[in-house]
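Participant: Here's a structure for you.
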Amino acid sequence: MNIVVKARHMDATDALRQYAESKVSKLPKFFNNIQSVEVILDMEANQPTVEIVATASHRNTFVATHRDEDMYACVDQCFDKIAEQIRRHKGKVRHRQGQPHSVTLQQTQQQPRPPEGPPAHSGTGVPDSLH
C-alpha cells in the first residue's frame, strides 16, 4: 500500500507526518484491497484541516475530511470517518456475495423433507384444518 502525506499552506513537522502515516497504515485491517492512501494536511483560514483519500481495487475511492482546532485531533477524527466508510463498504460487499457452498450444503441436508404424495384426507369433504 502506498502512503503519501502532503502539506498545503503549512509546514508539517516530521512527527505529524509519522503520526498520520502510522494511523493510515492501519486501514488494511478494515479492508485488504486498499492500494493507496493520500493524506492532505492543510491550514485553511488558520484552522487545521485533514483530508484522507483511500483508493481500493475495483475503482472504489473513499474520502474523509475533518476540520478542528488541533491537527492531531483532525487526523484521528478523519481516520475514524474513513474507517467507518470502509467498514460499511466491506459489509455491503460481503452481503452481496452468497454463503459458501459448504454452508448451503449443510443447511439443505439438515432440513426435513416433506412426505411424498398427496395430503391425507379424513374423507368428509371438509379440509382437515377446519375440524
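Identifiers in the C-alpha cells: chain A, B, ... in order shown; residue index from 1 per chain; ligand index from 1 in order shown.
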Near Lys26 of chain A, counting only C-alpha atoms, which residues have an atom at most 12 Å away, once you skip same-chain residues fewer than 4 positions from it, shown as a list in words?
Facilitator: Met1, Ile3, Tyr19, Ala20, Glu21, Ser22, Phe30, Phe31, Asn32, Ile34, Val37, Phe79, Asp80, Ile82, Ala83 and Ile86 of chain A
Participant: Can you write out the residues you just picked, keeping N, CA and C atoms, as a PDB file, in the first residue's frame?
Facilitator:
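Result file is out.pdb:
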```
ATOM      1  N   MET A   1       0.852  -1.172   0.000  1.00  0.00           N
ATOM      2  CA  MET A   1       0.000   0.000   0.000  1.00  0.00           C
ATOM      3  C   MET A   1       0.896   1.233   0.000  1.00  0.00           C
ATOM      4  N   ILE A   3       1.536   5.108   0.717  1.00  0.00           N
ATOM      5  CA  ILE A   3       1.038   6.173   1.600  1.00  0.00           C
ATOM      6  C   ILE A   3       1.776   7.450   1.253  1.00  0.00           C
ATOM      7  N   TYR A  19       2.912  10.464  12.458  1.00  0.00           N
ATOM      8  CA  TYR A  19       1.661  10.152  13.136  1.00  0.00           C
ATOM      9  C   TYR A  19       0.567   9.824  12.109  1.00  0.00           C
ATOM     10  N   ALA A  20       0.470  10.662  11.075  1.00  0.00           N
ATOM     11  CA  ALA A  20      -0.537  10.431  10.032  1.00  0.00           C
ATOM     12  C   ALA A  20      -0.263   9.108   9.311  1.00  0.00           C
ATOM     13  N   GLU A  21       1.004   8.824   8.999  1.00  0.00           N
ATOM     14  CA  GLU A  21       1.353   7.569   8.334  1.00  0.00           C
ATOM     15  C   GLU A  21       1.013   6.368   9.205  1.00  0.00           C
ATOM     16  N   SER A  22       1.310   6.466  10.498  1.00  0.00           N
ATOM     17  CA  SER A  22       1.036   5.335  11.386  1.00  0.00           C
ATOM     18  C   SER A  22      -0.466   5.077  11.503  1.00  0.00           C
ATOM     19  N   PHE A  30      -9.073  -3.050   8.045  1.00  0.00           N
ATOM     20  CA  PHE A  30     -10.505  -2.970   7.780  1.00  0.00           C
ATOM     21  C   PHE A  30     -10.880  -3.514   6.405  1.00  0.00           C
ATOM     22  N   PHE A  31      -9.974  -3.378   5.414  1.00  0.00           N
ATOM     23  CA  PHE A  31     -10.270  -3.800   4.048  1.00  0.00           C
ATOM     24  C   PHE A  31      -8.947  -4.104   3.356  1.00  0.00           C
ATOM     25  N   ASN A  32      -8.766  -5.327   2.892  1.00  0.00           N
ATOM     26  CA  ASN A  32      -7.483  -5.760   2.341  1.00  0.00           C
ATOM     27  C   ASN A  32      -7.150  -5.159   0.986  1.00  0.00           C
ATOM     28  N   ILE A  34      -7.082  -2.174  -0.251  1.00  0.00           N
ATOM     29  CA  ILE A  34      -6.672  -0.773  -0.352  1.00  0.00           C
ATOM     30  C   ILE A  34      -5.311  -0.708  -1.035  1.00  0.00           C
ATOM     31  N   VAL A  37      -3.123   5.419  -0.252  1.00  0.00           N
ATOM     32  CA  VAL A  37      -3.767   6.371   0.659  1.00  0.00           C
ATOM     33  C   VAL A  37      -3.015   7.692   0.555  1.00  0.00           C
ATOM     34  N   PHE A  79      -9.470   9.774  10.370  1.00  0.00           N
ATOM     35  CA  PHE A  79      -9.226   8.337  10.291  1.00  0.00           C
ATOM     36  C   PHE A  79     -10.477   7.560  10.703  1.00  0.00           C
ATOM     37  N   ASP A  80     -11.147   8.002  11.758  1.00  0.00           N
ATOM     38  CA  ASP A  80     -12.369   7.329  12.204  1.00  0.00           C
ATOM     39  C   ASP A  80     -13.453   7.374  11.127  1.00  0.00           C
ATOM     40  N   ILE A  82     -13.065   7.657   7.789  1.00  0.00           N
ATOM     41  CA  ILE A  82     -12.760   6.812   6.635  1.00  0.00           C
ATOM     42  C   ILE A  82     -12.807   5.335   7.008  1.00  0.00           C
ATOM     43  N   ALA A  83     -12.442   4.998   8.234  1.00  0.00           N
ATOM     44  CA  ALA A  83     -12.535   3.606   8.682  1.00  0.00           C
ATOM     45  C   ALA A  83     -13.989   3.153   8.693  1.00  0.00           C
ATOM     46  N   ILE A  86     -15.116   2.516   5.097  1.00  0.00           N
ATOM     47  CA  ILE A  86     -14.552   1.266   4.593  1.00  0.00           C
ATOM     48  C   ILE A  86     -15.245   0.076   5.242  1.00  0.00           C
TER      49      ILE A  86
END
```
Participant: Name the residues of segment 19-103 of chain A that come out as helix (DSSP H, G or I) in a backbone DSSP run; write them as a PyMOL selection string.
Facilitator: chain A and resi 19-24+27-29+71-96+101-103
Participant: Dump C-alpha atoms for the selected residues as a compact mmCIF listing (two decimals), in the first residue's frame?
Facilitator:
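As a result, selection-v7.txt now contains:
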```txt
# COMPACT_ATOMS: atom_id res chain seq x y z
CA TYR A 19 1.66 10.15 13.14
CA ALA A 20 -0.54 10.43 10.03
CA GLU A 21 1.35 7.57 8.33
CA SER A 22 1.04 5.33 11.39
CA LYS A 23 -2.72 5.97 11.57
CA VAL A 24 -3.48 5.26 7.91
CA LEU A 27 -6.53 0.82 7.16
CA PRO A 28 -5.77 -2.60 5.58
CA LYS A 29 -7.01 -4.09 8.85
CA MET A 71 -4.10 18.90 13.76
CA TYR A 72 -3.62 15.61 15.64
CA ALA A 73 -7.31 15.56 16.56
CA CYS A 74 -8.13 16.19 12.88
CA VAL A 75 -6.06 13.17 11.86
CA ASP A 76 -7.79 10.99 14.48
CA GLN A 77 -11.32 12.08 13.54
CA CYS A 78 -10.64 11.84 9.82
CA PHE A 79 -9.23 8.34 10.29
CA ASP A 80 -12.37 7.33 12.20
CA LYS A 81 -14.58 8.66 9.39
CA ILE A 82 -12.76 6.81 6.63
CA ALA A 83 -12.53 3.61 8.68
CA GLU A 84 -16.32 3.70 9.11
CA GLN A 85 -16.83 4.22 5.36
CA ILE A 86 -14.55 1.27 4.59
CA ARG A 87 -16.22 -0.92 7.23
CA ARG A 88 -19.67 -0.20 5.75
CA HIS A 89 -18.42 -0.87 2.23
CA LYS A 90 -16.91 -4.19 3.28
CA GLY A 91 -20.20 -5.18 4.90
CA LYS A 92 -22.09 -4.43 1.68
CA VAL A 93 -19.61 -6.39 -0.40
CA ARG A 94 -19.81 -9.34 1.99
CA HIS A 95 -23.61 -9.24 1.95
CA ARG A 96 -23.62 -9.28 -1.88
CA HIS A 101 -21.15 -23.80 -0.82
CA SER A 102 -20.31 -25.91 2.24
CA VAL A 103 -22.72 -23.90 4.44
```
Participant: Please determine, counting only C-alpha atoms, which residue among A:Arg59, A:His66, A:His9, A:Arg17 has the shortest atom-to-atom distance to Met43 of chain A.
Facilitator: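 Selected residue with least distance to Met43 of chain A: A:His9.
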Participant: Give the strand (DSSP E) residues of chain A, as assigned by DSSP on the backbone, as a ChimeraX atom specification.
Facilitator: /A:2-8,34-44,47-56,60-67
Participant: Go ahead and write the residues just picked, C-alpha atoms, as a compact mmCIF listing (two decimals), in the first residue's frame.
Facilitator:
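The resulting again-v5.txt:
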```
# COMPACT_ATOMS: atom_id res chain seq x y z
CA ASN A 2 1.36 3.41 -0.98
CA ILE A 3 1.04 6.17 1.60
CA VAL A 4 1.59 9.81 0.63
CA VAL A 5 1.42 12.63 3.17
CA LYS A 6 1.18 16.15 1.72
CA ALA A 7 1.07 19.54 3.44
CA ARG A 8 -0.66 22.57 1.94
CA ILE A 34 -6.67 -0.77 -0.35
CA GLN A 35 -4.00 0.18 -2.87
CA SER A 36 -3.03 3.74 -1.96
CA VAL A 37 -3.77 6.37 0.66
CA GLU A 38 -3.19 10.11 0.37
CA VAL A 39 -3.25 12.30 3.48
CA ILE A 40 -3.52 16.05 2.89
CA LEU A 41 -2.72 18.28 5.85
CA ASP A 42 -3.99 21.80 5.21
CA MET A 43 -4.27 25.09 7.06
CA GLU A 44 -7.38 26.91 5.81
CA GLN A 47 -7.88 26.28 11.06
CA PRO A 48 -6.29 22.84 10.52
CA THR A 49 -7.98 20.56 8.00
CA VAL A 50 -7.16 16.95 7.18
CA GLU A 51 -8.36 15.05 4.13
CA ILE A 52 -7.72 11.34 3.60
CA VAL A 53 -8.29 9.76 0.18
CA ALA A 54 -8.05 5.97 0.03
CA THR A 55 -8.13 4.15 -3.29
CA ALA A 56 -9.09 0.47 -3.36
CA ASN A 60 -13.52 2.24 -5.04
CA THR A 61 -12.46 5.59 -3.61
CA PHE A 62 -13.10 6.67 -0.03
CA VAL A 63 -12.76 10.33 1.02
CA ALA A 64 -12.97 11.81 4.50
CA THR A 65 -12.39 15.40 5.63
CA HIS A 66 -12.27 16.90 9.08
CA ARG A 67 -11.64 20.41 10.43
```
